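Pasting work16.cif here (mmCIF, C-alpha atoms and all ligand atoms):
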data_coords
loop_
_atom_site.label_atom_id
_atom_site.label_comp_id
_atom_site.auth_asym_id
_atom_site.auth_seq_id
_atom_site.Cartn_x
_atom_site.Cartn_y
_atom_site.Cartn_z
CA MET V 29 -25.91 -8.90 -53.47
CA ALA V 30 -28.35 -9.51 -50.60
CA ARG V 31 -29.78 -6.52 -48.78
CA PHE V 32 -30.75 -6.36 -45.09
CA GLU V 33 -32.25 -3.58 -42.98
CA THR V 34 -31.65 -2.86 -39.33
CA GLN V 35 -31.75 0.05 -36.92
CA VAL V 36 -28.28 -0.53 -35.49
CA GLY V 37 -25.52 -2.42 -37.26
CA ILE V 38 -22.97 -3.71 -34.77
CA VAL V 39 -19.46 -4.78 -35.80
CA GLY V 40 -17.92 -7.28 -33.36
CA ALA V 41 -19.34 -9.91 -31.00
CA GLY V 42 -17.13 -9.34 -27.97
CA PRO V 43 -18.59 -8.24 -24.65
CA ALA V 44 -19.32 -4.75 -26.05
CA GLY V 45 -21.14 -5.76 -29.25
CA LEU V 46 -23.12 -8.58 -27.69
CA MET V 47 -24.20 -6.60 -24.64
CA LEU V 48 -25.19 -3.63 -26.82
CA SER V 49 -27.27 -5.89 -29.05
CA HIS V 50 -28.99 -7.39 -26.00
CA LEU V 51 -29.66 -4.01 -24.31
CA LEU V 52 -31.12 -2.67 -27.58
CA HIS V 53 -33.32 -5.74 -27.89
CA LEU V 54 -34.70 -5.03 -24.40
CA LYS V 55 -35.63 -1.55 -25.65
CA GLY V 56 -37.29 -2.93 -28.77
CA ILE V 57 -34.50 -1.75 -31.07
CA HIS V 58 -33.38 -4.10 -33.85
CA SER V 59 -29.70 -4.82 -34.48
CA ILE V 60 -27.52 -7.10 -36.58
CA VAL V 61 -24.17 -8.21 -35.16
CA LEU V 62 -21.33 -9.00 -37.58
CA GLU V 63 -18.43 -11.03 -36.23
CA ALA V 64 -15.32 -12.07 -38.16
CA LYS V 65 -14.48 -15.10 -36.02
CA SER V 66 -16.40 -18.29 -35.28
CA ARG V 67 -18.75 -18.68 -32.32
CA ALA V 68 -16.35 -21.23 -30.78
CA TYR V 69 -13.44 -18.81 -31.09
CA CYS V 70 -15.39 -16.03 -29.33
CA GLU V 71 -16.52 -18.37 -26.59
CA GLU V 72 -13.16 -19.92 -25.88
CA ARG V 73 -10.74 -17.03 -26.02
CA VAL V 74 -9.39 -16.58 -22.46
CA ARG V 75 -9.27 -12.91 -21.48
CA ALA V 76 -10.05 -10.79 -18.44
CA GLY V 77 -11.98 -12.06 -15.46
CA VAL V 78 -12.93 -9.36 -12.97
CA LEU V 79 -16.37 -7.72 -13.04
CA GLU V 80 -17.05 -4.50 -11.18
CA HIS V 81 -20.19 -4.47 -9.13
CA THR V 82 -21.80 -2.06 -11.65
CA SER V 83 -21.11 -4.55 -14.48
CA VAL V 84 -22.65 -7.36 -12.44
CA GLN V 85 -25.68 -5.20 -11.71
CA MET V 86 -26.00 -4.36 -15.41
CA LEU V 87 -25.86 -8.03 -16.42
CA ARG V 88 -28.34 -8.97 -13.70
CA GLU V 89 -30.79 -6.20 -14.58
CA ALA V 90 -30.56 -7.20 -18.23
CA GLY V 91 -31.58 -10.75 -17.29
CA VAL V 92 -28.25 -12.36 -18.21
CA GLY V 93 -26.81 -12.68 -14.71
CA GLU V 94 -28.19 -16.05 -13.66
CA ARG V 95 -25.13 -18.25 -14.23
CA LEU V 96 -22.87 -15.40 -13.17
CA GLU V 97 -24.69 -15.26 -9.85
CA ARG V 98 -24.38 -19.02 -9.43
CA GLU V 99 -20.79 -19.52 -10.59
CA GLY V 100 -19.14 -16.11 -10.16
CA LEU V 101 -16.76 -15.81 -7.22
CA ARG V 102 -17.48 -12.91 -4.89
CA HIS V 103 -14.22 -11.18 -3.93
CA GLU V 104 -14.45 -8.77 -1.04
CA GLY V 105 -10.85 -7.59 -1.33
CA ILE V 106 -7.46 -8.12 -2.92
CA GLU V 107 -4.02 -8.61 -1.44
CA LEU V 108 -0.97 -6.52 -2.29
CA GLY V 109 2.42 -8.13 -1.61
CA LEU V 110 5.73 -6.43 -0.84
CA HIS V 111 8.94 -8.01 0.48
CA GLY V 112 7.13 -11.37 0.69
CA VAL V 113 4.40 -10.04 2.97
CA ARG V 114 0.77 -9.73 1.84
CA HIS V 115 -1.46 -6.88 2.89
CA ARG V 116 -5.21 -7.04 2.34
CA ILE V 117 -7.27 -4.19 0.86
CA PRO V 118 -10.75 -4.87 2.25
CA PHE V 119 -13.13 -3.55 -0.40
CA VAL V 120 -16.37 -4.15 1.46
CA GLU V 121 -15.12 -2.55 4.65
CA LEU V 122 -13.79 0.47 2.75
CA THR V 123 -16.51 0.95 0.11
CA GLY V 124 -19.41 -1.39 0.88
CA LYS V 125 -18.84 -3.00 -2.53
CA TRP V 126 -17.05 -6.04 -3.97
CA VAL V 127 -16.06 -7.49 -7.35
CA THR V 128 -16.98 -10.78 -9.02
CA VAL V 129 -14.49 -13.10 -10.69
CA TYR V 130 -16.11 -14.62 -13.78
CA GLY V 131 -14.25 -15.18 -17.05
CA GLN V 132 -14.92 -12.87 -19.97
CA GLN V 133 -15.54 -15.87 -22.21
CA GLU V 134 -18.26 -17.03 -19.79
CA VAL V 135 -19.95 -13.62 -20.11
CA VAL V 136 -19.63 -13.95 -23.89
CA LYS V 137 -21.18 -17.46 -23.82
CA ASP V 138 -24.11 -16.22 -21.72
CA LEU V 139 -24.71 -13.22 -24.01
CA ILE V 140 -24.53 -15.28 -27.21
CA ALA V 141 -26.95 -17.86 -25.77
CA GLN V 142 -29.38 -15.08 -24.77
CA ARG V 143 -29.20 -13.29 -28.13
CA LEU V 144 -29.87 -16.54 -30.00
CA ALA V 145 -32.69 -17.53 -27.61
CA ASP V 146 -34.30 -14.13 -28.29
CA GLY V 147 -34.03 -14.64 -32.04
CA GLY V 148 -31.17 -12.13 -32.35
CA ASP V 149 -29.29 -11.80 -35.63
CA VAL V 150 -25.62 -12.58 -34.84
CA ARG V 151 -23.55 -13.52 -37.89
CA PHE V 152 -20.32 -15.34 -37.05
CA GLU V 153 -17.53 -15.83 -39.61
CA CYS V 154 -19.27 -13.05 -41.50
CA GLY V 155 -16.47 -12.25 -43.95
CA GLU V 156 -14.75 -8.95 -44.58
CA VAL V 157 -16.55 -5.89 -43.27
CA SER V 158 -16.38 -2.32 -44.62
CA LEU V 159 -18.47 0.77 -43.80
CA GLU V 160 -19.98 3.34 -46.12
CA GLY V 161 -21.85 6.61 -45.72
CA ILE V 162 -21.29 7.11 -42.01
CA THR V 163 -22.13 10.81 -42.35
CA THR V 164 -25.41 10.07 -44.15
CA GLU V 165 -28.74 9.11 -42.58
CA ARG V 166 -28.42 5.59 -44.00
CA PRO V 167 -24.94 4.32 -43.22
CA ARG V 168 -24.22 0.85 -44.61
CA ILE V 169 -22.11 -2.12 -43.68
CA LEU V 170 -20.83 -4.17 -46.60
CA VAL V 171 -19.89 -7.75 -45.82
CA ASN V 172 -17.81 -9.59 -48.37
CA ARG V 173 -17.77 -13.35 -47.97
CA GLU V 174 -15.70 -14.96 -50.69
CA GLY V 175 -16.97 -12.48 -53.25
CA HIS V 176 -20.61 -12.68 -52.15
CA ILE V 177 -21.60 -9.28 -50.79
CA ASP V 178 -24.28 -8.56 -48.19
CA GLU V 179 -25.39 -4.99 -47.73
CA ILE V 180 -26.66 -4.08 -44.25
CA CYS V 181 -28.56 -0.79 -44.35
CA CYS V 182 -28.51 0.81 -40.89
CA GLU V 183 -29.63 3.93 -39.10
CA TYR V 184 -26.65 3.83 -36.76
CA ILE V 185 -23.46 1.76 -36.65
CA ALA V 186 -21.66 0.68 -33.49
CA GLY V 187 -17.97 -0.13 -33.86
CA CYS V 188 -17.44 -2.78 -31.19
CA ASP V 189 -14.68 -4.55 -33.09
CA GLY V 190 -11.86 -4.31 -30.58
CA PHE V 191 -8.47 -2.68 -30.83
CA HIS V 192 -7.56 -4.33 -34.16
CA GLY V 193 -10.95 -3.74 -35.75
CA ILE V 194 -11.69 -1.62 -38.82
CA CYS V 195 -14.24 0.88 -37.50
CA ARG V 196 -11.81 3.30 -35.87
CA GLY V 197 -10.00 3.54 -39.21
CA VAL V 198 -13.17 4.78 -40.92
CA PHE V 199 -12.94 8.13 -39.08
CA PRO V 200 -11.56 10.63 -41.60
CA GLU V 201 -8.01 11.89 -41.36
CA GLY V 202 -7.69 14.36 -38.50
CA ALA V 203 -11.05 13.50 -36.89
CA LEU V 204 -9.48 11.43 -34.11
CA SER V 205 -7.00 12.42 -31.44
CA ILE V 206 -4.93 9.49 -30.19
CA PHE V 207 -3.52 9.40 -26.65
CA GLU V 208 -1.17 6.55 -26.07
CA ARG V 209 1.46 5.12 -23.75
CA SER V 210 3.30 1.84 -24.05
CA TYR V 211 5.10 0.08 -21.23
CA PRO V 212 8.53 -1.58 -21.32
CA PHE V 213 7.09 -4.95 -20.24
CA ALA V 214 4.30 -7.48 -20.90
CA TRP V 215 2.60 -10.29 -18.95
CA LEU V 216 3.20 -13.97 -19.46
CA GLY V 217 -0.07 -15.58 -18.39
CA ILE V 218 -1.05 -19.17 -17.70
CA LEU V 219 -4.28 -20.95 -16.98
CA ALA V 220 -3.66 -23.90 -14.66
CA GLU V 221 -5.64 -26.88 -13.51
CA ALA V 222 -5.07 -26.21 -9.83
CA ALA V 223 -7.47 -25.36 -7.03
CA PRO V 224 -6.86 -21.78 -5.84
CA SER V 225 -4.84 -21.80 -2.63
CA ARG V 226 -5.96 -18.28 -1.72
CA GLU V 227 -9.43 -16.80 -1.64
CA GLU V 228 -8.45 -13.47 -3.19
CA LEU V 229 -6.17 -12.12 -5.91
CA VAL V 230 -2.56 -11.40 -4.93
CA TYR V 231 -0.81 -8.51 -6.70
CA MET V 232 2.86 -9.02 -5.87
CA HIS V 233 5.68 -6.52 -6.13
CA HIS V 234 9.01 -8.36 -6.52
CA PRO V 235 12.57 -7.32 -7.41
CA ARG V 236 12.45 -9.79 -10.34
CA GLY V 237 9.21 -8.28 -11.60
CA PHE V 238 5.49 -8.18 -10.85
CA ALA V 239 3.45 -11.36 -10.44
CA LEU V 240 -0.32 -11.80 -10.15
CA TYR V 241 -2.18 -14.68 -8.58
CA SER V 242 -5.73 -14.92 -9.89
CA MET V 243 -8.33 -17.59 -10.52
CA ARG V 244 -11.35 -18.54 -12.59
CA SER V 245 -13.20 -21.19 -10.63
CA PRO V 246 -12.76 -23.53 -7.63
CA ARG V 247 -10.57 -25.73 -9.86
CA ILE V 248 -8.74 -23.28 -12.13
CA THR V 249 -6.08 -20.68 -11.32
CA ARG V 250 -4.83 -17.89 -13.57
CA LEU V 251 -1.33 -16.54 -12.99
CA TYR V 252 0.81 -13.87 -14.60
CA LEU V 253 4.48 -12.88 -14.61
CA GLN V 254 5.90 -9.57 -15.76
CA CYS V 255 8.13 -10.32 -18.75
CA ALA V 256 9.78 -8.53 -21.68
CA PRO V 257 7.42 -7.02 -24.31
CA ASP V 258 8.95 -9.34 -26.93
CA GLU V 259 9.24 -12.35 -24.62
CA ASP V 260 9.62 -15.62 -26.53
CA ILE V 261 7.10 -17.98 -24.97
CA ALA V 262 9.01 -20.93 -26.46
CA GLN V 263 11.75 -20.22 -23.91
CA TRP V 264 9.32 -20.84 -21.06
CA SER V 265 8.77 -24.49 -20.19
CA ASP V 266 6.01 -25.18 -17.68
CA ASP V 267 8.70 -25.96 -15.08
CA ARG V 268 10.42 -22.65 -15.65
CA ILE V 269 7.10 -20.77 -15.36
CA TRP V 270 6.20 -22.48 -12.08
CA SER V 271 9.67 -21.94 -10.67
CA GLU V 272 9.52 -18.20 -11.47
CA LEU V 273 5.99 -17.94 -10.08
CA GLN V 274 7.12 -19.63 -6.85
CA THR V 275 10.09 -17.28 -6.57
CA ARG V 276 8.00 -14.16 -7.01
CA LEU V 277 4.81 -15.15 -5.18
CA SER V 278 6.06 -17.18 -2.19
CA CYS V 279 5.54 -15.34 1.06
CA ALA V 280 7.24 -15.25 4.44
CA ASP V 281 4.22 -17.02 5.99
CA GLY V 282 4.88 -20.09 3.82
CA TRP V 283 2.14 -19.43 1.23
CA GLY V 284 2.91 -20.01 -2.43
CA PRO V 285 0.79 -20.94 -5.44
CA THR V 286 -0.41 -24.53 -5.80
CA GLU V 287 0.88 -26.00 -9.05
CA GLY V 288 -1.08 -27.94 -11.63
CA ARG V 289 -1.24 -28.82 -15.29
CA VAL V 290 -0.77 -25.77 -17.53
CA LEU V 291 -3.85 -25.58 -19.78
CA GLN V 292 -2.89 -22.46 -21.74
CA LYS V 293 -0.12 -19.91 -21.89
CA GLY V 294 0.44 -16.64 -23.73
CA VAL V 295 1.98 -13.19 -23.64
CA THR V 296 -0.26 -10.14 -23.19
CA GLY V 297 1.05 -6.73 -24.23
CA MET V 298 0.58 -3.65 -22.07
CA ARG V 299 -0.58 -0.32 -23.35
CA SER V 300 -2.76 2.63 -22.53
CA PHE V 301 -4.70 4.00 -25.51
CA VAL V 302 -7.61 6.38 -26.06
CA ALA V 303 -9.07 7.57 -29.37
CA GLU V 304 -11.22 10.70 -29.07
CA PRO V 305 -14.03 11.39 -29.80
CA LEU V 306 -16.01 8.14 -29.85
CA GLN V 307 -18.40 9.35 -32.53
CA PHE V 308 -18.23 10.50 -36.12
CA GLY V 309 -21.47 10.99 -38.05
CA ARG V 310 -23.58 7.92 -37.35
CA LEU V 311 -20.69 5.70 -36.28
CA PHE V 312 -20.14 5.19 -32.54
CA LEU V 313 -17.15 3.36 -31.08
CA ALA V 314 -17.42 1.31 -27.88
CA GLY V 315 -15.05 -0.89 -25.88
CA ASP V 316 -11.54 -1.81 -27.01
CA ALA V 317 -12.21 -0.22 -30.43
CA ALA V 318 -11.81 3.14 -28.68
CA HIS V 319 -9.58 2.44 -25.70
CA ILE V 320 -7.14 -0.02 -24.16
CA VAL V 321 -6.00 -0.17 -20.56
CA PRO V 322 -3.11 -2.20 -19.14
CA PRO V 323 -4.71 -5.18 -17.34
CA THR V 324 -3.34 -4.31 -13.87
CA GLY V 325 -6.51 -2.45 -12.89
CA ALA V 326 -8.87 -5.13 -14.28
CA LYS V 327 -10.89 -2.46 -16.11
CA GLY V 328 -11.07 -3.56 -19.80
CA MET V 329 -14.33 -5.48 -19.87
CA ASN V 330 -15.95 -3.11 -17.36
CA LEU V 331 -15.22 -0.06 -19.49
CA ALA V 332 -16.72 -1.85 -22.50
CA PHE V 333 -19.93 -2.46 -20.52
CA ALA V 334 -20.08 1.16 -19.34
CA ASP V 335 -19.75 2.41 -22.93
CA VAL V 336 -22.55 0.23 -24.29
CA HIS V 337 -24.76 1.05 -21.33
CA HIS V 338 -24.52 4.74 -22.31
CA LEU V 339 -24.91 3.97 -26.01
CA ALA V 340 -28.02 1.85 -25.42
CA GLU V 341 -29.50 4.57 -23.19
CA ALA V 342 -28.77 7.18 -25.86
CA LEU V 343 -30.27 5.12 -28.70
CA GLY V 344 -33.21 4.27 -26.45
CA ALA V 345 -33.90 7.98 -25.86
CA PHE V 346 -33.60 8.71 -29.57
CA TYR V 347 -35.90 5.92 -30.71
CA GLY V 348 -38.22 6.38 -27.69
CA ASP V 349 -39.02 10.08 -27.85
CA GLY V 350 -36.81 11.43 -30.60
CA ASN V 351 -34.40 13.03 -28.14
CA GLY V 352 -30.87 12.95 -29.57
CA ASP V 353 -29.17 14.80 -26.68
CA LYS V 354 -27.63 11.66 -25.18
CA LEU V 355 -26.32 10.52 -28.56
CA GLU V 356 -24.80 13.96 -28.93
CA SER V 357 -23.05 13.70 -25.54
CA TYR V 358 -22.22 9.95 -25.72
CA SER V 359 -18.53 10.51 -26.38
CA GLU V 360 -18.12 13.10 -23.64
CA THR V 361 -20.03 11.00 -21.11
CA CYS V 362 -17.95 7.88 -21.81
CA LEU V 363 -14.64 9.72 -21.90
CA ARG V 364 -15.07 11.01 -18.36
CA ARG V 365 -15.15 7.43 -17.08
CA ILE V 366 -12.57 6.17 -19.59
CA TRP V 367 -9.98 8.70 -18.41
CA LYS V 368 -10.55 7.87 -14.76
CA ALA V 369 -10.06 4.18 -15.57
CA GLN V 370 -6.96 5.08 -17.60
CA ARG V 371 -5.56 6.96 -14.65
CA PHE V 372 -6.24 4.10 -12.25
CA SER V 373 -4.87 1.41 -14.61
CA TRP V 374 -1.71 3.44 -15.22
CA TRP V 375 -1.33 4.02 -11.48
CA MET V 376 -1.71 0.33 -10.53
CA THR V 377 0.75 -0.56 -13.29
CA SER V 378 3.31 2.01 -12.12
CA LEU V 379 2.86 0.97 -8.50
CA LEU V 380 3.57 -2.71 -8.96
CA HIS V 381 5.96 -3.32 -11.87
CA ARG V 382 9.71 -3.38 -12.04
CA PHE V 383 11.01 -0.61 -14.30
CA GLU V 384 14.37 -1.54 -15.81
CA ASN V 385 17.11 1.11 -15.40
CA GLU V 386 14.81 3.28 -13.37
CA PRO V 387 16.51 6.09 -11.41
CA PRO V 388 17.03 4.98 -7.78
CA PHE V 389 14.84 7.86 -6.64
CA ASP V 390 11.87 6.46 -8.53
CA ARG V 391 12.38 2.97 -7.11
CA LYS V 392 12.39 4.37 -3.57
CA ARG V 393 9.32 6.50 -4.34
CA GLN V 394 7.49 3.43 -5.70
CA LEU V 395 8.22 1.44 -2.53
CA ALA V 396 7.07 4.36 -0.38
CA GLU V 397 3.85 4.56 -2.38
CA LEU V 398 3.15 0.85 -1.88
CA GLU V 399 3.80 1.14 1.85
CA TYR V 400 1.53 4.17 1.95
CA VAL V 401 -1.32 2.26 0.26
CA MET V 402 -0.76 -0.65 2.65
CA THR V 403 -0.85 1.48 5.80
CA SER V 404 -3.17 4.41 5.10
CA ARG V 405 -6.91 3.89 5.15
CA ALA V 406 -7.39 6.94 2.92
CA ALA V 407 -4.97 5.60 0.27
CA ALA V 408 -6.41 2.08 0.46
CA THR V 409 -9.93 3.51 0.10
CA SER V 410 -8.91 5.31 -3.08
CA LEU V 411 -7.58 2.06 -4.55
CA ALA V 412 -10.68 0.14 -3.44
CA GLU V 413 -13.14 2.74 -4.77
CA ASN V 414 -11.56 2.59 -8.22
CA TYR V 415 -11.10 -1.18 -8.26
CA VAL V 416 -14.73 -1.97 -7.41
CA GLY V 417 -15.73 0.59 -10.03
CA LEU V 418 -16.78 4.22 -10.01
CA PRO V 419 -20.53 4.79 -10.28
CA LEU V 420 -22.09 5.09 -13.71
CA GLU V 421 -23.27 8.57 -14.58
CA ALA V 422 -27.05 8.92 -14.59
N1 LIG X 501 -15.18 -7.53 -38.60
C1 LIG X 501 -15.97 -8.20 -37.73
N2 LIG X 501 -15.60 -8.46 -36.46
C2 LIG X 501 -14.41 -8.03 -36.06
C3 LIG X 501 -13.55 -7.30 -36.91
C4 LIG X 501 -13.98 -7.06 -38.24
N3 LIG X 501 -13.23 -6.38 -39.09
N4 LIG X 501 -12.44 -6.97 -36.22
C5 LIG X 501 -12.59 -7.49 -34.99
N5 LIG X 501 -13.77 -8.12 -34.87
C6 LIG X 501 -14.32 -8.81 -33.71
C7 LIG X 501 -13.28 -9.63 -32.97
O1 LIG X 501 -13.14 -10.91 -33.56
C8 LIG X 501 -13.87 -9.70 -31.57
O2 LIG X 501 -14.71 -10.82 -31.40
O3 LIG X 501 -14.72 -7.84 -32.76
C9 LIG X 501 -14.71 -8.42 -31.46
C10 LIG X 501 -14.12 -7.44 -30.49
O4 LIG X 501 -14.21 -7.98 -29.20
P1 LIG X 501 -13.18 -7.63 -28.03
O5 LIG X 501 -11.82 -7.53 -28.56
O6 LIG X 501 -13.44 -8.57 -26.93
O7 LIG X 501 -13.57 -6.13 -27.61
P2 LIG X 501 -14.75 -5.57 -26.70
O8 LIG X 501 -16.04 -6.23 -27.00
O9 LIG X 501 -14.62 -4.10 -26.79
O10 LIG X 501 -14.38 -6.04 -25.25
C11 LIG X 501 -13.38 -5.46 -24.47
O11 LIG X 501 -11.99 -7.36 -24.40
O12 LIG X 501 -9.70 -7.18 -24.86
C12 LIG X 501 -10.66 -7.40 -23.90
O13 LIG X 501 -9.70 -6.63 -21.92
C13 LIG X 501 -10.57 -6.29 -22.96
O14 LIG X 501 -12.10 -7.08 -21.48
C14 LIG X 501 -11.95 -6.14 -22.51
C15 LIG X 501 -12.82 -6.52 -23.61
C1 LIG X 502 -7.35 -12.28 -14.56
O1 LIG X 502 -7.82 -13.06 -13.72
O2 LIG X 502 -7.17 -12.61 -15.73
C2 LIG X 502 -6.96 -10.92 -14.11
C3 LIG X 502 -7.29 -10.49 -12.84
C4 LIG X 502 -6.93 -9.23 -12.42
C5 LIG X 502 -6.24 -8.40 -13.27
C6 LIG X 502 -5.92 -8.82 -14.55
C7 LIG X 502 -6.28 -10.09 -14.98
O3 LIG X 502 -5.85 -7.16 -12.84
#
Could you rewrite the structure in this file as structure tokens?
Amino acid sequence: MARFETQVGIVGAGPAGLMLSHLLHLKGIHSIVLEAKSRAYCEERVRAGVLEHTSVQMLREAGVGERLEREGLRHEGIELGLHGVRHRIPFVELTGKWVTVYGQQEVVKDLIAQRLADGGDVRFECGEVSLEGITTERPRILVNREGHIDEICCEYIAGCDGFHGICRGVFPEGALSIFERSYPFAWLGILAEAAPSREELVYMHHPRGFALYSMRSPRITRLYLQCAPDEDIAQWSDDRIWSELQTRLSCADGWGPTEGRVLQKGVTGMRSFVAEPLQFGRLFLAGDAAHIVPPTGAKGMNLAFADVHHLAEALGAFYGDGNGDKLESYSETCLRRIWKAQRFSWWMTSLLHRFENEPPFDRKRQLAELEYVMTSRAAATSLAENYVGLPLEA
């Protein structure tokens, strides 16, 4: 058994774990990151792609925003579509802010490169992780790699291991309250080698189901179709996907998505989930380990960054001048933002999707709500304010 010492043991090298490790490094706090998958897997997994302006600012201030600034696409609005007509929500005009389209895996690549350049300790394909003594002053992470066990002695542990990670399960019976909602649909997503034919994202309401037109770069588009939660991707040839995308996205003005080679396809589930509180003893949860939002509001990665910002600030205050107040209030601080993002993600999802066997009243109400957002400056401002991201608490 090999023994290692660190101030903060971090489980998971997604956006949350990597950013936390980097922010701690900037404050002179040592961490070890333990990641089950390979570096290539983490860097290549295609996930979300919209960064709130606060996330961009955070990455820039932390010195990891250089490529993001060069390659990220500045989006000053989105378009909502109804009855084949698009209506723009002008973020900058309504809020003075914008969002940046930059793939999550690009953020992950930049963070890994920075951690390694700074001599950070990031252990990929680490083996099986378990936690011990989270209510003691010396919690430990045990890492079992084919029978060889490493013991990481920590002062604090951050569970940044995503929704399917092990850290949330370490909370004792009854310590967590779970708030959850599942949706009767999923998204079938593709990544296509096609130059975007629109400058901004198009969120389209359609009688056959929601469709989203998004992008990653000047050569790559990302598109989604609402589908069944148990949709069999094998039933979807590239031709069938494009045909359905054309049907749902084509507009009265003649616009439709440009087609190209399909580079990747998959089905993404939809759920809303919060586990409260985010702390037990010396274990703190951050990112998807504690909460999941449906992707319609583009909030997942941004919430993860907000959590680790607060956690790094709290650990910084504790190690800086021994003040544990922010650690004490970490969960409460994060949950205020998490619930607002939950509300917004649920609202965007409800606004735009087709609900099978929905009472006719609700269908009419949904259409009225969309028309309201498209015609009222007050309603559009509320959407814009949430989409670009609510301010971080001081
Ligand atoms: N041991 C070590 N690592 C683990 C374990 C484990 N038992 N379980 C999971 N992991 C790793 C995963 O392999 C993954 O790399 O933890 C990491 C968690 O990363 P993410 O799932 O990306 O979660 P997070 O960093 O919170 O980022 C949230 O991810 O799902 C998207 O939309 C979501 O954009 C949001 C972002
Ligand atoms: C994406 O580009 O993957 C994307 C964009 C906006 C969303 C969800 C996903 O709301």
**Message:** Please report the interatomic distance between CA of Ala90 in chain V and CA of Thr34 in chain V in Å with one decimal.
**Reply:** 21.6 Å
**Request:** Identify, on the basis of only C-alpha atoms, every residue whose closest approach to Ile269 in chain V does not exceed 12 Å; exclude the query and any residue fewer than 2 positions from it along the same chain; express the result as number ranges by chain.
**Result:** V: 215-220, 239, 251-255, 261-267, 271-277, 285, 287-290, 292-294
Export of prior selection with C-alpha atoms as a PDB file, keeping the file's coordinate frame:
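Heads up, here's the output in selection.pdb:
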ATOM      1  CA  TRP V 215       2.600 -10.290 -18.950  1.00  0.00           C
ATOM      2  CA  LEU V 216       3.200 -13.970 -19.460  1.00  0.00           C
ATOM      3  CA  GLY V 217      -0.070 -15.580 -18.390  1.00  0.00           C
ATOM      4  CA  ILE V 218      -1.050 -19.170 -17.700  1.00  0.00           C
ATOM      5  CA  LEU V 219      -4.280 -20.950 -16.980  1.00  0.00           C
ATOM      6  CA  ALA V 220      -3.660 -23.900 -14.660  1.00  0.00           C
ATOM      7  CA  ALA V 239       3.450 -11.360 -10.440  1.00  0.00           C
ATOM      8  CA  LEU V 251      -1.330 -16.540 -12.990  1.00  0.00           C
ATOM      9  CA  TYR V 252       0.810 -13.870 -14.600  1.00  0.00           C
ATOM     10  CA  LEU V 253       4.480 -12.880 -14.610  1.00  0.00           C
ATOM     11  CA  GLN V 254       5.900  -9.570 -15.760  1.00  0.00           C
ATOM     12  CA  CYS V 255       8.130 -10.320 -18.750  1.00  0.00           C
ATOM     13  CA  ILE V 261       7.100 -17.980 -24.970  1.00  0.00           C
ATOM     14  CA  ALA V 262       9.010 -20.930 -26.460  1.00  0.00           C
ATOM     15  CA  GLN V 263      11.750 -20.220 -23.910  1.00  0.00           C
ATOM     16  CA  TRP V 264       9.320 -20.840 -21.060  1.00  0.00           C
ATOM     17  CA  SER V 265       8.770 -24.490 -20.190  1.00  0.00           C
ATOM     18  CA  ASP V 266       6.010 -25.180 -17.680  1.00  0.00           C
ATOM     19  CA  ASP V 267       8.700 -25.960 -15.080  1.00  0.00           C
ATOM     20  CA  SER V 271       9.670 -21.940 -10.670  1.00  0.00           C
ATOM     21  CA  GLU V 272       9.520 -18.200 -11.470  1.00  0.00           C
ATOM     22  CA  LEU V 273       5.990 -17.940 -10.080  1.00  0.00           C
ATOM     23  CA  GLN V 274       7.120 -19.630  -6.850  1.00  0.00           C
ATOM     24  CA  THR V 275      10.090 -17.280  -6.570  1.00  0.00           C
ATOM     25  CA  ARG V 276       8.000 -14.160  -7.010  1.00  0.00           C
ATOM     26  CA  LEU V 277       4.810 -15.150  -5.180  1.00  0.00           C
ATOM     27  CA  PRO V 285       0.790 -20.940  -5.440  1.00  0.00           C
ATOM     28  CA  GLU V 287       0.880 -26.000  -9.050  1.00  0.00           C
ATOM     29  CA  GLY V 288      -1.080 -27.940 -11.630  1.00  0.00           C
ATOM     30  CA  ARG V 289      -1.240 -28.820 -15.290  1.00  0.00           C
ATOM     31  CA  VAL V 290      -0.770 -25.770 -17.530  1.00  0.00           C
ATOM     32  CA  GLN V 292      -2.890 -22.460 -21.740  1.00  0.00           C
ATOM     33  CA  LYS V 293      -0.120 -19.910 -21.890  1.00  0.00           C
ATOM     34  CA  GLY V 294       0.440 -16.640 -23.730  1.00  0.00           C
TER      35      GLY V 294
END
**Request:** Quick one: pull the distance between CA of Ser278 in chain V and CA of Leu240 in chain V, Å, one decimal.
**Result:**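 CA of Leu240 in chain V lies at a distance of 11.5 Å from CA of Ser278 in chain V.
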**Message:** Nearest residue to ligand LIG 502 (chain X) out of V:His319, V:His233, V:Lys137, V:Lys327, using only C-alpha atoms and all ligand atoms?
**Reply:** V:Lys327
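When only C-alpha atoms and all ligand atoms are used to measure the gap to ligand LIG 501 (chain X), the shortest distance among V:Val136, V:Leu110, V:Val416, V:Cys279 belongs to V:Val136.
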**Request:** Give as a VMD selection string the residues surrounding ligand LIG 501 (chain X) up to a distance of 6 Å, considering all atoms listed in the file.
**Result:** chain V and resid 39 to 45 62 to 65 70 76 157 188 to 190 192 to 194 315 to 317 328 to 329 332
**Prompt:** Ala369 in chain V: which residues within 9 Å, counting all atoms listed in the file, same-chain residues fewer than 6 positions away excluded, as a PyMOL selection string?
**Reply:** chain V and resi 321+325+327-328+331+414+417-418
**Request:** Give the residue list for ligand LIG 502 (chain X) at 10 Å, counting all atoms listed in the file, as a PyMOL selection string, sorted by chain and then by residue number.
**Result:** chain V and resi 74-79+106+129-132+215+217-219+229-231+240-244+249-252+322-328+373+376-377+415
**Request:** For Leu87 in chain V, list every protein, DNA or RNA residue within 12 Å, evaluated using only C-alpha atoms, and leave out those in the same chain fewer than 6 positions away; present the list as a ChimeraX atom specification.
**Result:** /V:43,46-48,50-51,79-81,93-97,128,135-136,138-139,142,330,333-334,336-337
